[in-house]
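Asker: Below is the structure I would like to discuss, written out as structure tokens.
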Amino acid sequence: MQRQLKANIWKYFLIILTNRRNYIPILAIYFLTLPNSNAQQIGLYVGIGWLAGFLLEIPSGYISDEWGHKKTLILAKFSLLVSTLFFIFGNSLPYFILGSSFMALGFAFTSGTGGAFLHNTLVGLKREKNYGDISGKIRAKASLVSAGMILLLPLLTKIALILPIKIYLIFDVVGILTAFSLYSPKIKYSAEDEEGEKIWSQLKRFRGTGFYVTSLFIGFIGGFIMALSPFKEPFVESLGFPIIFIGSIMAFSRVVWFIIGHNLKILKKIKIQRLLFYEIFLFSGLIILSSQLINPYFISLIFVILIGYYHGRSSLIGEYYLNNFLINKRYKATMLSIKQQIGKLFESGIALLIGFVMAISFRLGFLVLGICMLLVLLVIYPSLKRQSK
């Protein structure tokens with residue numbers, strides 16, 4: 001059994017790697033080559049896919065905990081395969097709506113489930129205290145491979161625009177086979193871990209634990225950072241950044257992710273509340289700085305550091321939640337999915353509002369985004385600090 005549990009760790013790397021959709025930067029470009037397609041329809045299929053993922057986030061976590069993490073990961077991998085097939089063989093908007101929806105389904109069924117499955121594996125190995133380090137390194141390695149794949153996109157698209165999407169059929173098959181080969185850990189639960197506890201009951205029990213204020217704070221951080229993502233490339237391009245190097249921002253952010261993910265032990269020396277306090281000024285400061293610079297290469301470097309660090313330290317946040325807010329050990333995926341849901345809610349709202357400012361000026365948009373982030377987080381932090389005592 002120990003050998004099978006240990007094998008879960010490297011298999012989890014493949015689960016994470018095959019979940020990445022590195023062809024997304026060229027998906028919209030490919031869609032516009034299809035007959036009767038237009039830019040407005042891109043927003044439609046992306047929006048419907050996002051809505052599907054948002055609505056499924058919490059239910060997917062609960063279904064996973066009730067049905068089984070391995071079965072849910074298998075379902076997630078089949079959903080991603082179906083999504084890829086719709087994108088490859090689709091020739092109109094309805095196919096892309098279905099493809100985007102199945103992609104969202106695959107992501108939703110992996111978001112909380114993946115972390116819960118890895119944590120259960122480490123519990124079986126009596127290594128759960130190392131969850132943050134192990135998860136961080138696995139995700140860091142996957143991010144480094146992703147960086148290479150992103151840099152390959154220009155070469156692959158020269159052969160055929162659809163080629164990067166077709167290659168993902170291989171990744172999806174590997175992902176399905178890996179999910180089937182996973183070993184389900186046998187976990188012993190105490191009498192306090194009530195079986196069949198409903199989501200509403202768990203939501204009520206989170207009150208007073210610090211879960212909601214922490215999720216509010218972290219959700220706002222994620223919301224502000226993810227809201228700037230669609231605008232960073234157009235911003236630097238408007239300042240003269242060569243379009244041929246646009247993919248390098250995402251690629252090199254993955255390299256920073258790799259470095260941070262392999263050095264989480266340094267960050268773990270800082271108490272999480274103090275780390276979050278430092279991040280108020282780190283994240284907002286970098287965004288404000290980007291709005292004041294003129295050189296597109298320096299601005300791109302800021303985005304690389306900002307996004308790479310944000311994703312690189314995410315396993316540390318996951319570990320904190322599992323150590324402090326797990327009120328029922330049978331429902332790890334549910335708890336992690338609730339956290340994800342709160343983040344997605346802020347992400348959509350902030351992106352929608354900041355879009356109006358970005359339409360006036362990218363520079364003004366990033367300045368407003370950074371200042372708003374600073375003020376909002378400073379207002380929430382005192383409550384976070386009180387709840388964490």
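Within each chain, counting starts at residue 1; across the structure tokens, chains are named A, B, ... in the order shown, with ligands numbered 1 upward in that order.
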What's the 10 Å shell around Gly223 of chain A, counting only C-alpha atoms, without same-chain residues fewer than 5 positions away, as a PyMOL selection string?
Answerer: chain A and resi 217-218+228+342-351+373
Asker: Pull C-alpha atoms from the residues just selected and write them as a CSV table (one decimal), in the first residue's frame.
Answerer:
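And here is the file that came out, selection.csv:
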chain,number,residue,atom,x,y,z
A,217,PHE,CA,-9.1,38.7,1.9
A,218,ILE,CA,-7.5,36.0,-0.2
A,228,LEU,CA,-5.6,42.4,-14.7
A,342,ILE,CA,-15.4,33.1,-3.2
A,343,GLY,CA,-12.3,33.9,-5.2
A,344,LYS,CA,-14.1,33.5,-8.6
A,345,LEU,CA,-16.9,35.7,-7.4
A,346,PHE,CA,-14.5,38.6,-6.8
A,347,GLU,CA,-12.6,37.9,-9.9
A,348,SER,CA,-15.6,38.3,-12.2
A,349,GLY,CA,-16.9,41.4,-10.4
A,350,ILE,CA,-13.5,43.3,-10.4
A,351,ALA,CA,-12.8,42.3,-14.0
A,373,MET,CA,-6.5,46.8,-4.1
Asker: If you count only C-alpha atoms, which residues fall within 6 Å of segment 315-329 of chain A, apart from same-chain ones fewer than 5 positions away, as number ranges by chain?
Answerer: A: 132, 135-136, 193
Asker: Output C-alpha atoms for every residue in that selection, as a PDB file, in the first residue's frame.
Answerer:
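Output file again-v5.pdb follows:
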ATOM      1  CA  GLY A 132       2.553  22.725   1.188  1.00  0.00           C
ATOM      2  CA  SER A 135       2.149  20.377  -3.548  1.00  0.00           C
ATOM      3  CA  GLY A 136       4.195  23.494  -4.276  1.00  0.00           C
ATOM      4  CA  ASP A 193     -16.342  13.732  11.035  1.00  0.00           C
TER       5      ASP A 193
END
Asker: My list of candidates is A:Ile246, A:Ala108, A:Ile165, A:Met149. Which is closest to Ser83 of chain A when distances are computed with only C-alpha atoms?
Answerer: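 Selected residue with least distance to Ser83 of chain A: A:Ile165.
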Asker: Taking only C-alpha atoms into account, name the residue in A:Leu55, A:Leu239, A:Leu374, A:Ile244 that is nearest to Tyr297 of chain A.
Answerer: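 Under the stated criterion, the closest residue is A:Leu239.
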Asker: Give me, as a ChimeraX atom specification, all polymer residues having an atom no more than 10 Å from Glu197 of chain A, counting only C-alpha atoms and skipping those fewer than 6 positions away in the same chain.
Answerer: /A:62,66,328,330-331
Asker: Would you kindly return, as a PyMOL selection string, each protein, DNA or RNA residue with an atom no farther than 9 Å from any atom of Asp133 of chain A, considering only C-alpha atoms and excluding same-chain residues fewer than 5 positions away?
Answerer: chain A and resi 138+261-265+315-316
Asker: Hey, can you check how far atom CA of Lys186 of chain A sits from atom CA of Gly112 of chain A?
Answerer: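 Taking atom CA of Lys186 of chain A as the start and atom CA of Gly112 of chain A as the end point, the length is 18.6 Å.
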Asker: Could you pull the residues within 12 Å of Gly365 of chain A, counting only C-alpha atoms, minus those fewer than 6 positions along the same chain, as a PyMOL selection string?
Answerer: chain A and resi 224+227-228+231-232+235+287-288+290-292+350-351+353-359+371-372
Asker: Atom CA of Gly49 of chain A and atom CA of Ile26 of chain A are how many Å apart?
Answerer: 16.8 Å
Asker: Using only C-alpha atoms, can you tell me which of A:Ile63, A:Ile225, A:Ala7, A:Leu384 comes closest to Gly196 of chain A?
Answerer: A:Ile63
Asker: For atom CA of Ser314 of chain A and atom CA of Arg139 of chain A, quote the distance in Å rounded to one decimal.
Answerer: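 Atom CA of Arg139 of chain A lies at a distance of 9.4 Å from atom CA of Ser314 of chain A.
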Asker: So, counting only C-alpha atoms, which residue among A:Ser100, A:Ser92, A:Ser181, A:Thr33 is closest to Ile15 of chain A?
Answerer: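 Selected residue with least distance to Ile15 of chain A: A:Ser181.
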Asker: When DSSP is applied to the backbone of this structure, which of segment 218-281 of chain A are assigned helix (DSSP H, G or I)? Write them out as a PyMOL selection string.
Answerer: chain A and resi 218-238+243-245+247-261+264-268+272-281
Asker: Can you list, as a list in words, every protein, DNA or RNA residue that comes within 12 Å of Pro234 of chain A when you count only C-alpha atoms, leaving out same-chain residues fewer than 6 positions away?
Answerer: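 Residues meeting the cut-off are Leu228, Gly240, Phe241, Pro242, Ile243, Ile246, Gly247, Ile249, Pro296, Ile299, Ser300, Met358, Ala359, Ser361, Phe362 and Arg363 of chain A.
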Asker: Using only C-alpha atoms, which residue out of A:Leu275, A:Ala116, A:Leu293, A:Ile338 lies closest to Glu128 of chain A?
Answerer: A:Ala116
